[in-house]
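One file, model04.tsv, is given below (TSV, C-alpha atoms and all ligand atoms).
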```
chain	number	residue	atom	x	y	z
A	99	MET	CA	-5.07	21.45	-31.75
A	100	THR	CA	-2.79	18.45	-31.15
A	101	LYS	CA	1.00	18.36	-31.53
A	102	GLY	CA	0.81	15.52	-34.07
A	103	ARG	CA	-0.08	11.87	-34.39
A	104	ILE	CA	1.28	9.05	-32.26
A	105	PHE	CA	1.28	5.33	-32.87
A	106	SER	CA	2.33	2.95	-30.13
A	107	GLY	CA	1.66	-0.68	-29.38
A	108	MET	CA	2.20	-3.42	-26.83
A	109	GLN	CA	2.33	-7.16	-27.24
A	110	PRO	CA	-0.33	-9.09	-25.33
A	111	SER	CA	2.23	-11.39	-23.77
A	112	GLY	CA	0.69	-12.01	-20.36
A	113	LYS	CA	-0.20	-10.24	-17.16
A	114	PHE	CA	0.91	-6.67	-17.07
A	115	HIS	CA	2.95	-5.50	-14.07
A	116	LEU	CA	3.48	-2.19	-12.39
A	117	GLY	CA	6.89	-1.80	-14.04
A	118	ASN	CA	5.23	-2.01	-17.47
A	119	TYR	CA	2.73	0.60	-16.38
A	120	MET	CA	5.34	3.07	-15.17
A	121	GLY	CA	7.57	2.29	-18.17
A	122	ALA	CA	5.04	3.15	-20.88
A	123	LEU	CA	1.35	3.22	-20.09
A	124	GLU	CA	1.53	6.03	-17.56
A	125	ASN	CA	3.20	8.12	-20.27
A	126	TRP	CA	0.49	7.23	-22.82
A	127	VAL	CA	-2.17	8.45	-20.41
A	128	LYS	CA	-0.45	11.85	-20.41
A	129	LEU	CA	0.22	11.87	-24.17
A	130	GLN	CA	-3.45	11.31	-25.01
A	131	HIS	CA	-4.10	14.93	-23.99
A	132	GLU	CA	-1.45	16.31	-26.33
A	133	TYR	CA	-1.54	14.10	-29.45
A	134	GLU	CA	-3.95	12.25	-31.67
A	135	CYS	CA	-3.14	8.71	-30.56
A	136	PHE	CA	-3.42	5.25	-32.11
A	137	PHE	CA	-2.77	2.59	-29.48
A	138	SER	CA	-2.65	-0.98	-30.72
A	139	ILE	CA	-2.55	-4.36	-29.01
A	140	VAL	CA	-0.04	-5.86	-31.41
A	141	ASP	CA	-0.97	-9.54	-31.35
A	142	TRP	CA	0.92	-10.38	-34.56
A	143	HIS	CA	4.07	-9.06	-32.94
A	144	ALA	CA	3.56	-11.47	-30.06
A	145	LEU	CA	3.77	-14.31	-32.61
A	146	THR	CA	7.19	-13.22	-33.86
A	147	SER	CA	8.82	-14.64	-30.74
A	148	SER	CA	6.12	-16.99	-29.45
A	149	TYR	CA	4.19	-18.71	-32.19
A	150	GLU	CA	3.65	-22.29	-31.02
A	151	ASP	CA	0.88	-21.96	-28.47
A	152	THR	CA	-1.67	-19.36	-29.51
A	153	SER	CA	-4.44	-20.56	-27.21
A	154	LYS	CA	-4.10	-17.71	-24.70
A	155	ILE	CA	-4.06	-14.84	-27.20
A	156	PRO	CA	-7.78	-13.89	-26.90
A	157	GLU	CA	-7.62	-13.85	-23.10
A	158	ARG	CA	-4.43	-11.80	-23.13
A	159	ILE	CA	-5.88	-9.26	-25.54
A	160	HIS	CA	-8.86	-8.83	-23.24
A	161	GLU	CA	-6.58	-8.44	-20.19
A	162	MET	CA	-4.45	-5.88	-21.97
A	163	ALA	CA	-7.48	-3.84	-23.00
A	164	LEU	CA	-8.65	-3.94	-19.38
A	165	ASP	CA	-5.24	-2.72	-18.22
A	166	TRP	CA	-5.20	0.16	-20.68
A	167	LEU	CA	-8.73	1.29	-20.01
A	168	SER	CA	-8.39	1.02	-16.27
A	169	ALA	CA	-5.15	3.04	-16.46
A	170	GLY	CA	-7.20	5.86	-17.95
A	171	LEU	CA	-6.85	5.64	-21.74
A	172	ASP	CA	-9.99	7.18	-23.19
A	173	PRO	CA	-11.48	5.07	-26.03
A	174	GLU	CA	-13.28	8.08	-27.52
A	175	ARG	CA	-10.28	10.36	-27.55
A	176	ASN	CA	-7.85	7.65	-28.78
A	177	VAL	CA	-8.09	4.91	-31.37
A	178	ILE	CA	-7.62	1.73	-29.33
A	179	PHE	CA	-7.57	-1.44	-31.40
A	180	VAL	CA	-6.14	-4.89	-32.04
A	181	GLN	CA	-3.51	-5.09	-34.79
A	182	SER	CA	-4.88	-8.28	-36.40
A	183	HIS	CA	-8.32	-6.67	-36.77
A	184	VAL	CA	-6.81	-4.35	-39.38
A	185	LYS	CA	-5.50	-6.57	-42.18
A	186	GLU	CA	-3.87	-3.59	-43.92
A	187	HIS	CA	-0.96	-4.00	-41.47
A	188	ALA	CA	-0.15	-7.31	-43.16
A	189	GLU	CA	-0.44	-5.92	-46.68
A	190	LEU	CA	1.84	-2.97	-45.99
A	191	HIS	CA	4.30	-5.25	-44.17
A	192	LEU	CA	4.47	-7.45	-47.25
A	193	LEU	CA	5.03	-4.54	-49.62
A	194	LEU	CA	7.72	-3.00	-47.42
A	195	SER	CA	9.46	-6.36	-47.16
A	196	MET	CA	9.96	-6.34	-50.95
A	197	MET	CA	12.10	-3.21	-50.84
A	198	THR	CA	13.99	-3.58	-47.57
A	199	PRO	CA	17.53	-4.95	-47.89
A	200	LEU	CA	18.08	-8.00	-45.72
A	201	SER	CA	21.26	-6.48	-44.30
A	202	TRP	CA	19.25	-3.60	-42.78
A	203	LEU	CA	17.24	-6.07	-40.74
A	204	GLU	CA	20.20	-8.24	-39.80
A	205	ARG	CA	22.19	-5.33	-38.42
A	206	VAL	CA	19.55	-4.21	-35.88
A	207	PRO	CA	21.56	-4.56	-32.63
A	208	THR	CA	18.78	-6.21	-30.66
A	209	TYR	CA	18.18	-8.88	-33.34
A	210	LYS	CA	21.19	-11.10	-32.65
A	211	ASP	CA	21.05	-10.47	-28.89
A	212	LYS	CA	17.44	-11.51	-28.62
A	213	LEU	CA	17.93	-14.43	-30.97
A	214	GLN	CA	20.66	-15.71	-28.67
A	215	GLN	CA	18.80	-14.90	-25.46
A	216	LEU	CA	15.59	-16.67	-26.54
A	217	GLY	CA	17.65	-19.52	-28.02
A	218	ILE	CA	19.10	-20.14	-24.55
A	219	GLN	CA	15.53	-20.35	-23.22
A	220	GLY	CA	14.90	-23.12	-25.76
A	221	LYS	CA	12.88	-21.04	-28.24
A	222	ASP	CA	13.56	-21.50	-31.92
A	223	ILE	CA	12.97	-18.08	-33.41
A	224	ASN	CA	15.31	-18.37	-36.35
A	225	THR	CA	12.32	-17.40	-38.43
A	226	TYR	CA	11.41	-14.99	-41.18
A	227	GLY	CA	8.79	-13.40	-38.90
A	228	PHE	CA	11.26	-12.63	-36.12
A	229	LEU	CA	13.79	-11.07	-38.48
A	230	GLY	CA	11.01	-9.01	-40.02
A	231	TYR	CA	9.78	-7.66	-36.68
A	232	PRO	CA	11.03	-4.10	-37.34
A	233	GLU	CA	9.41	-4.25	-40.79
A	234	LEU	CA	6.02	-5.01	-39.23
A	235	MET	CA	6.61	-2.28	-36.68
A	236	THR	CA	7.30	0.17	-39.51
A	237	ALA	CA	4.09	-0.84	-41.25
A	238	ASP	CA	2.17	-0.30	-37.98
A	239	ILE	CA	3.51	3.21	-37.62
A	240	ILE	CA	3.27	4.51	-41.16
A	241	LEU	CA	-0.12	2.98	-41.91
A	242	TYR	CA	-1.48	5.80	-39.74
A	243	LYS	CA	1.14	8.32	-40.91
A	244	ALA	CA	2.18	8.74	-37.31
A	245	ASP	CA	4.90	11.36	-36.97
A	246	THR	CA	5.82	10.87	-33.30
A	247	ILE	CA	6.68	7.61	-31.59
A	248	PRO	CA	7.11	7.34	-27.81
A	249	VAL	CA	10.13	5.09	-27.28
A	250	GLY	CA	12.72	4.12	-24.73
A	251	GLU	CA	16.40	4.49	-25.68
A	252	ASP	CA	16.68	0.78	-26.43
A	253	GLN	CA	14.10	1.09	-29.22
A	254	LEU	CA	15.86	3.93	-31.04
A	255	PRO	CA	17.65	1.60	-33.52
A	256	HIS	CA	14.29	0.12	-34.55
A	257	LEU	CA	12.88	3.54	-35.19
A	258	GLU	CA	15.96	4.62	-37.13
A	259	LEU	CA	15.41	1.61	-39.37
A	260	SER	CA	11.76	2.64	-39.84
A	261	ARG	CA	12.94	6.07	-40.92
A	262	GLU	CA	15.30	4.50	-43.47
A	263	ILE	CA	12.51	2.32	-44.85
A	264	VAL	CA	10.25	5.37	-45.14
A	265	ARG	CA	12.93	7.31	-47.01
A	266	ARG	CA	13.43	4.40	-49.39
A	267	PHE	CA	9.71	4.08	-50.06
A	268	ASN	CA	9.27	7.83	-50.57
A	269	ASN	CA	12.23	7.93	-52.98
A	270	LEU	CA	11.29	4.83	-54.95
A	271	TYR	CA	7.58	5.56	-55.36
A	272	GLN	CA	5.92	8.71	-54.03
A	273	PRO	CA	6.50	10.79	-50.90
A	274	ILE	CA	3.51	9.49	-48.98
A	275	PHE	CA	4.87	8.96	-45.51
A	276	PRO	CA	6.27	11.33	-42.88
A	277	GLU	CA	9.50	10.16	-41.22
A	278	PRO	CA	8.47	9.18	-37.71
A	279	LYS	CA	10.51	10.90	-35.02
A	280	PRO	CA	11.12	9.57	-31.51
A	281	SER	CA	9.70	11.10	-28.37
A	282	LEU	CA	11.95	9.78	-25.63
A	283	SER	CA	9.99	8.87	-22.54
A	284	LYS	CA	11.76	9.39	-19.24
A	285	SER	CA	9.74	7.09	-17.06
A	286	ALA	CA	10.57	5.99	-13.57
A	287	ILE	CA	12.10	2.52	-13.62
A	288	LEU	CA	10.62	0.41	-10.85
A	289	PRO	CA	12.61	-2.57	-9.60
A	290	GLY	CA	10.93	-5.81	-8.59
A	291	ILE	CA	10.32	-6.53	-4.91
A	292	ASP	CA	13.74	-8.22	-4.65
A	293	GLY	CA	15.54	-5.20	-6.10
A	294	ARG	CA	16.28	-6.79	-9.51
A	295	LYS	CA	14.61	-5.67	-12.74
A	296	MET	CA	10.87	-6.23	-12.40
A	297	SER	CA	10.04	-9.31	-14.45
A	298	LYS	CA	7.53	-12.11	-14.35
A	299	SER	CA	10.33	-14.56	-15.04
A	300	TYR	CA	11.97	-13.59	-11.72
A	301	GLY	CA	8.66	-13.83	-9.85
A	302	ASN	CA	9.38	-10.41	-8.33
A	303	GLU	CA	6.64	-8.40	-10.03
A	304	ILE	CA	3.77	-6.41	-8.61
A	305	PRO	CA	0.79	-7.17	-10.86
A	306	PHE	CA	-0.82	-4.07	-12.30
A	307	ALA	CA	-4.22	-5.57	-11.49
A	308	ALA	CA	-3.29	-6.30	-7.85
A	309	SER	CA	-6.05	-5.52	-5.36
A	310	PRO	CA	-5.18	-3.25	-2.40
A	311	ASP	CA	-4.64	-6.32	-0.19
A	312	GLU	CA	-2.45	-8.03	-2.79
A	313	LEU	CA	-0.47	-4.80	-3.11
A	314	ARG	CA	0.08	-4.66	0.66
A	315	ALA	CA	1.16	-8.31	0.68
A	316	ARG	CA	3.74	-7.75	-2.08
A	317	ILE	CA	5.13	-4.67	-0.32
A	318	ARG	CA	5.52	-6.67	2.93
A	319	LEU	CA	7.86	-9.00	0.99
A	320	MET	CA	10.06	-6.20	-0.36
A	321	ILE	CA	13.78	-6.35	0.28
A	322	THR	CA	15.08	-3.57	2.54
A	323	ASP	CA	18.61	-2.47	3.49
A	324	PRO	CA	20.26	-5.87	4.19
A	325	ASN	CA	22.51	-4.34	6.87
A	326	ARG	CA	19.58	-3.07	8.88
A	327	VAL	CA	18.91	-6.18	10.92
A	328	LYS	CA	17.57	-4.69	14.14
A	329	ARG	CA	15.11	-1.84	14.53
A	330	THR	CA	17.86	0.23	16.19
A	331	ASP	CA	20.36	-0.23	13.31
A	332	LEU	CA	20.89	2.92	11.25
A	333	GLY	CA	19.60	2.32	7.72
A	334	ASN	CA	20.72	3.30	4.25
A	335	PRO	CA	17.69	4.14	2.07
A	336	ASP	CA	19.86	4.32	-1.06
A	337	VAL	CA	20.19	0.53	-1.12
A	338	CYS	CA	16.57	-0.15	-0.17
A	339	THR	CA	13.89	-1.20	-2.67
A	340	VAL	CA	11.12	0.18	-0.46
A	341	TYR	CA	12.75	3.58	-0.62
A	342	THR	CA	12.94	3.47	-4.42
A	343	PHE	CA	9.17	3.05	-4.43
A	344	HIS	CA	8.74	5.88	-1.90
A	345	LYS	CA	10.52	8.21	-4.32
A	346	THR	CA	7.94	7.39	-7.00
A	347	PHE	CA	4.73	7.05	-5.02
A	348	ASN	CA	5.47	9.21	-1.99
A	349	ALA	CA	7.79	11.87	-3.39
A	350	GLU	CA	6.64	14.60	-1.01
A	351	GLN	CA	7.66	12.57	2.08
A	352	SER	CA	10.68	10.80	0.63
A	353	ASN	CA	13.32	13.13	2.15
A	354	GLU	CA	11.73	12.77	5.55
A	355	ILE	CA	11.62	8.96	5.16
A	356	ALA	CA	15.29	8.88	4.15
A	357	GLN	CA	16.28	10.91	7.19
A	358	SER	CA	14.17	8.79	9.56
A	359	CYS	CA	15.72	5.65	8.09
A	360	ARG	CA	19.26	6.96	8.53
A	361	GLN	CA	18.51	7.93	12.15
A	362	ALA	CA	16.56	4.72	12.83
A	363	THR	CA	13.51	6.67	13.97
A	364	ILE	CA	11.30	4.63	11.67
A	365	GLY	CA	11.22	0.83	11.45
A	366	CYS	CA	11.00	-1.08	8.19
A	367	VAL	CA	7.55	-2.47	9.01
A	368	ASP	CA	6.08	1.01	9.47
A	369	CYS	CA	7.99	2.31	6.47
A	370	LYS	CA	6.43	-0.41	4.31
A	371	LYS	CA	2.96	0.24	5.73
A	372	CYS	CA	3.31	3.93	4.89
A	373	LEU	CA	4.37	3.06	1.33
A	374	ALA	CA	1.54	0.56	0.94
A	375	GLU	CA	-1.11	3.12	1.85
A	376	LYS	CA	0.40	5.70	-0.51
A	377	MET	CA	0.41	3.19	-3.36
A	378	VAL	CA	-3.10	1.97	-2.64
A	379	ASN	CA	-4.27	5.61	-2.73
A	380	SER	CA	-2.45	6.59	-5.87
A	381	LEU	CA	-3.68	3.49	-7.73
A	382	ALA	CA	-7.24	3.70	-6.31
A	383	ASP	CA	-8.84	5.22	-9.42
A	384	ILE	CA	-7.29	2.51	-11.57
A	385	HIS	CA	-8.68	-0.22	-9.31
A	386	VAL	CA	-12.16	1.28	-9.32
A	387	ARG	CA	-12.19	1.56	-13.12
A	388	ARG	CA	-10.95	-1.99	-13.44
A	389	GLN	CA	-13.65	-3.38	-11.15
A	390	GLU	CA	-16.30	-1.59	-13.20
A	391	LEU	CA	-14.93	-2.91	-16.48
A	392	GLU	CA	-14.54	-6.45	-15.17
A	393	LYS	CA	-18.28	-6.49	-14.49
A	394	ASN	CA	-18.89	-5.70	-18.15
A	395	PRO	CA	-16.62	-7.70	-20.49
A	396	GLY	CA	-18.97	-6.93	-23.41
A	397	ARG	CA	-18.07	-3.25	-23.08
A	398	VAL	CA	-14.35	-4.00	-23.53
A	399	LYS	CA	-15.13	-5.98	-26.66
A	400	GLU	CA	-17.29	-3.15	-28.03
A	401	ILE	CA	-14.46	-0.68	-27.45
A	402	LEU	CA	-12.04	-2.84	-29.44
A	403	VAL	CA	-14.54	-3.30	-32.28
A	404	PHE	CA	-15.14	0.46	-32.38
A	405	GLY	CA	-11.39	1.17	-32.34
A	406	GLY	CA	-10.83	-1.39	-35.11
A	407	GLU	CA	-13.39	0.34	-37.33
A	408	ARG	CA	-11.80	3.74	-36.79
A	409	ALA	CA	-8.30	2.34	-37.44
A	410	ARG	CA	-9.45	0.56	-40.61
A	411	THR	CA	-10.88	3.79	-42.04
A	412	VAL	CA	-7.48	5.50	-41.80
A	413	ALA	CA	-5.53	2.38	-42.85
A	414	ALA	CA	-7.69	1.80	-45.93
A	415	LYS	CA	-7.09	5.36	-47.11
A	416	THR	CA	-3.33	5.01	-46.71
A	417	MET	CA	-3.32	1.68	-48.56
A	418	ASP	CA	-5.20	3.26	-51.49
A	419	GLU	CA	-2.38	5.79	-51.76
A	420	VAL	CA	0.28	3.08	-51.43
A	421	ARG	CA	-1.26	0.88	-54.14
A	422	GLN	CA	-1.55	3.87	-56.46
A	423	ALA	CA	2.05	4.89	-55.82
A	424	MET	CA	3.21	1.33	-56.55
A	425	ASN	CA	0.94	0.87	-59.59
A	426	LEU	CA	-0.97	-1.87	-57.83
A	427	ALA	CA	-4.34	-0.12	-57.77
B	501	LIG	FE1	14.14	0.78	3.70
B	501	LIG	FE2	12.36	2.17	5.03
B	501	LIG	FE3	13.68	0.15	6.21
B	501	LIG	FE4	14.94	2.37	5.60
B	501	LIG	S1	13.26	2.19	7.05
B	501	LIG	S2	15.69	0.30	5.22
B	501	LIG	S3	13.93	3.02	3.68
B	501	LIG	S4	12.23	0.00	4.53
```
In C-alpha cells, write the structure found in this file.
Ligand code: SF4
Amino acid sequence: MTKGRIFSGMQPSGKFHLGNYMGALENWVKLQHEYECFFSIVDWHALTSSYEDTSKIPERIHEMALDWLSAGLDPERNVIFVQSHVKEHAELHLLLSMMTPLSWLERVPTYKDKLQQLGIQGKDINTYGFLGYPELMTADIILYKADTIPVGEDQLPHLELSREIVRRFNNLYQPIFPEPKPSLSKSAILPGIDGRKMSKSYGNEIPFAASPDELRARIRLMITDPNRVKRTDLGNPDVCTVYTFHKTFNAEQSNEIAQSCRQATIGCVDCKKCLAEKMVNSLADIHVRRQELEKNPGRVKEILVFGGERARTVAAKTMDEVRQAMNLA
C-alpha cells in the first residue's frame, strides 16, 4: 500500500552534477519505496527557456535516463518516461491555458526574475511558452492525478498556482482532479568545489557521472580554509568546502575531522584523500550500474519506450474524462 501518487520531472538540460543528485534525485530514490511514482524527463519544458538549438536534446535525454537509472530508480516499480512521448501533456496544457487568467501566470514570482536573469545572458524568452511554463507543469502533474509533489521551497509558488488551476477546472467543469500537495524535500545542499553554489556555469561542479579518478581529481582542487596556509596552522572547518562534503559523505567521522582540523593534527591533503575515498565508496554502486548501462544503450531506450506506454495508458484515461467534462468527447 503506497502513500499516494507522485509526479516529478527534470529538464534534460545537460550533464547532471552531484548537487542535482543530492538536491532531488537522491530523494526520489527513497520516495519510490513509499509512493507510486511517475518520473518524467520533461523535454518540452527545456524548450521554454532554450528553444533555438534542439540538436542535443536526444543525447541529453539518454544521459538523463542513464543518470536516473544508475542512481537506483527502478523502471519496473516507477513509470519513467519522456514527456514528449505522451502527447496528452500538450492537449491538457492547451485546454488549461483557455481557462487560466493571464494575471495568474504573470504574478508567479520567479517569472519576472528569470525573464530578467536570462535576458542578461542574451536569451530572448519573452515568449508564450515561457510564460506558460507553470501551465505545462500543471498539466504534467494532473494528467496522472498525482496528489503529492516533491518540491523545494522555491517551487512552492508554482505548485500553489497548479492548485488554483485545479480548483478552477473542478469548479467550471467536473471535479476530476485532486489538488496536488507539496512534499518539501530537505536535501543536503552541496556547494561547488570553490565554495559557491554548484553550477556548470561556474565550472565548479562535480559531474554525477565522474569516475573514481575524476572524483579524486575534483576533490584535490577543492577550496579549504583560506587562513590555513601551513600544515601547522590551526584550521577552521566551518569555512572549508571539504568539510561541508565530509558532513554529507562521512558523517560518522565528521566531528573527529573537525577536531583534528582545529588542532592541526590532520593536513588538508590527507583530509581530502579521506573524503575522496568515502565518496568513491558511497557512490560505488551508482558507478557500477552506470558502467553496465553504458554498455547497453538499447536497454535504456527500451526502458523509456516501456515507461511511455505505461504513462500513455493513464494519460489517455484522464483525457477521456477531461473531454467528457468539457463536452469535447
Ligand atoms: Fe578543510 Fe580538512 Fe583542511 Fe580542515 S583539514 S581546512 S577541514 S581540508
Per residue of chain A within 10 Å of ligand LIG 501 (chain B), which atom pair is closest and at what distance in Å (one decimal), using only C-alpha atoms and all ligand atoms, listed by chain and increasing number, as a tab-separated table?
```
residue	atom	partner	partner_atom	distance
A:Ile317	CA	B:LIG501	S4	9.8
A:Arg318	CA	B:LIG501	S4	9.6
A:Met320	CA	B:LIG501	S4	8.2
A:Ile321	CA	B:LIG501	S4	7.8
A:Thr322	CA	B:LIG501	FE1	4.6
A:Asp323	CA	B:LIG501	S2	4.4
A:Pro324	CA	B:LIG501	S2	7.7
A:Asn325	CA	B:LIG501	S2	8.4
A:Arg326	CA	B:LIG501	S2	6.3
A:Val327	CA	B:LIG501	S2	9.2
A:Arg329	CA	B:LIG501	FE3	8.7
A:Asp331	CA	B:LIG501	S2	9.4
A:Leu332	CA	B:LIG501	FE4	8.2
A:Gly333	CA	B:LIG501	S2	5.1
A:Asn334	CA	B:LIG501	S2	5.9
A:Pro335	CA	B:LIG501	S3	4.2
A:Asp336	CA	B:LIG501	S3	7.7
A:Val337	CA	B:LIG501	FE1	7.7
A:Cys338	CA	B:LIG501	FE1	4.7
A:Thr339	CA	B:LIG501	FE1	6.7
A:Val340	CA	B:LIG501	S4	5.1
A:Tyr341	CA	B:LIG501	S3	4.5
A:Thr342	CA	B:LIG501	S3	8.2
A:Phe343	CA	B:LIG501	S3	9.4
A:His344	CA	B:LIG501	S3	8.1
A:Ser352	CA	B:LIG501	S3	9.0
A:Ile355	CA	B:LIG501	S3	6.5
A:Ala356	CA	B:LIG501	S3	6.0
A:Gln357	CA	B:LIG501	FE4	8.8
A:Ser358	CA	B:LIG501	S1	7.1
A:Cys359	CA	B:LIG501	FE4	4.2
A:Arg360	CA	B:LIG501	FE4	7.0
A:Gln361	CA	B:LIG501	S1	9.3
A:Ala362	CA	B:LIG501	S1	7.1
A:Thr363	CA	B:LIG501	S1	8.2
A:Ile364	CA	B:LIG501	S1	5.6
A:Gly365	CA	B:LIG501	S1	5.0
A:Cys366	CA	B:LIG501	FE3	3.6
A:Val367	CA	B:LIG501	S4	6.9
A:Asp368	CA	B:LIG501	S1	7.7
A:Cys369	CA	B:LIG501	FE2	4.6
A:Lys370	CA	B:LIG501	S4	5.8
A:Lys371	CA	B:LIG501	S4	9.4
A:Cys372	CA	B:LIG501	FE2	9.2
A:Leu373	CA	B:LIG501	FE2	8.8
```
- request: Find the residues near stretch 277-282 of chain A: any atom within 12 Å, counting all atoms listed in the file, skip ones fewer than 5 places away on the same chain, and give them as JSON, numbers by chain.
  value: {"A": [101, 102, 103, 104, 105, 106, 121, 122, 125, 126, 129, 133, 235, 236, 237, 238, 239, 240, 241, 242, 243, 244, 245, 246, 247, 248, 249, 250, 251, 252, 253, 254, 255, 256, 257, 258, 259, 260, 261, 262, 263, 264, 265, 266, 267, 268]}
- prompt: With distances taken over all atoms listed in the file, which of A:Gly107, A:Leu116, A:Pro207, A:Tyr226 is nearest to A:Gly290?
  reply: A:Leu116
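Residues in contact with A:Ala307 at up to 9 Å, not including ones fewer than 5 positions away on its chain and judged by only C-alpha atoms, are Lys113, Phe114, His115, Leu116, Asp165, Ile384, His385 and Arg388 of chain A.
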query: Can you tell me how far atom CA of A:Ala188 sits from atom CA of A:Gln215, in Å to one decimal?
result: 27.0 Å
statement: Counting only C-alpha atoms, closest pick from A:Ala163, A:Gly230, A:Ser138, A:Thr100 relative to A:Arg397 is A:Ala163
- prompt: With only C-alpha atoms as the basis for distance, which of A:Phe136, A:Ser299, A:Gln109, A:Trp142 is at the shortest distance from A:His191?
  reply: A:Trp142
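Take the candidates A:Lys221, A:Thr330, A:Lys345, A:Glu157 and check each one against A:Ile287 using all atoms listed in the file; the shortest distance goes to A:Lys345.
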- prompt: In Å to one decimal, how far is atom CA of A:Ala409 from atom CA of A:His131?
  reply: 18.9 Å
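Minimum distance to A:Ile139 across A:Met162, A:Val398, A:Ala413, A:Ile223 (counting only C-alpha atoms) occurs at A:Met162.
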field: Residue nearest A:Ala423 - candidates A:Phe306, A:His187, A:Ile159, A:Tyr271, atoms counted: only C-alpha atoms
entry: A:Tyr271
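Here atom CA of A:Met108 is placed at a distance of 5.7 Å from atom CA of A:Val140.
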Excluding A:Phe179 and its own-chain neighbours fewer than 3 positions away, which residues fall within 6 Å of it when counting all atoms listed in the file? Please give them as a short mmCIF file (atom, residue, chain, number, x, y, z; two decimals) with C-alpha atoms, in the frame of the given file.
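For reference, out27.cif as written:
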```
data_model
loop_
_atom_site.label_atom_id
_atom_site.label_comp_id
_atom_site.auth_asym_id
_atom_site.auth_seq_id
_atom_site.Cartn_x
_atom_site.Cartn_y
_atom_site.Cartn_z
CA SER A 138 -2.65 -0.98 -30.72
CA LEU A 402 -12.04 -2.84 -29.44
CA GLY A 405 -11.39 1.17 -32.34
CA GLY A 406 -10.83 -1.39 -35.11
#
```
- request: Just the residues within 8 Å of stretch 311-316 of chain A, please, counting all atoms listed in the file, with nothing from its chain fewer than 4 positions along; format it as a count of residues only.
  value: 7
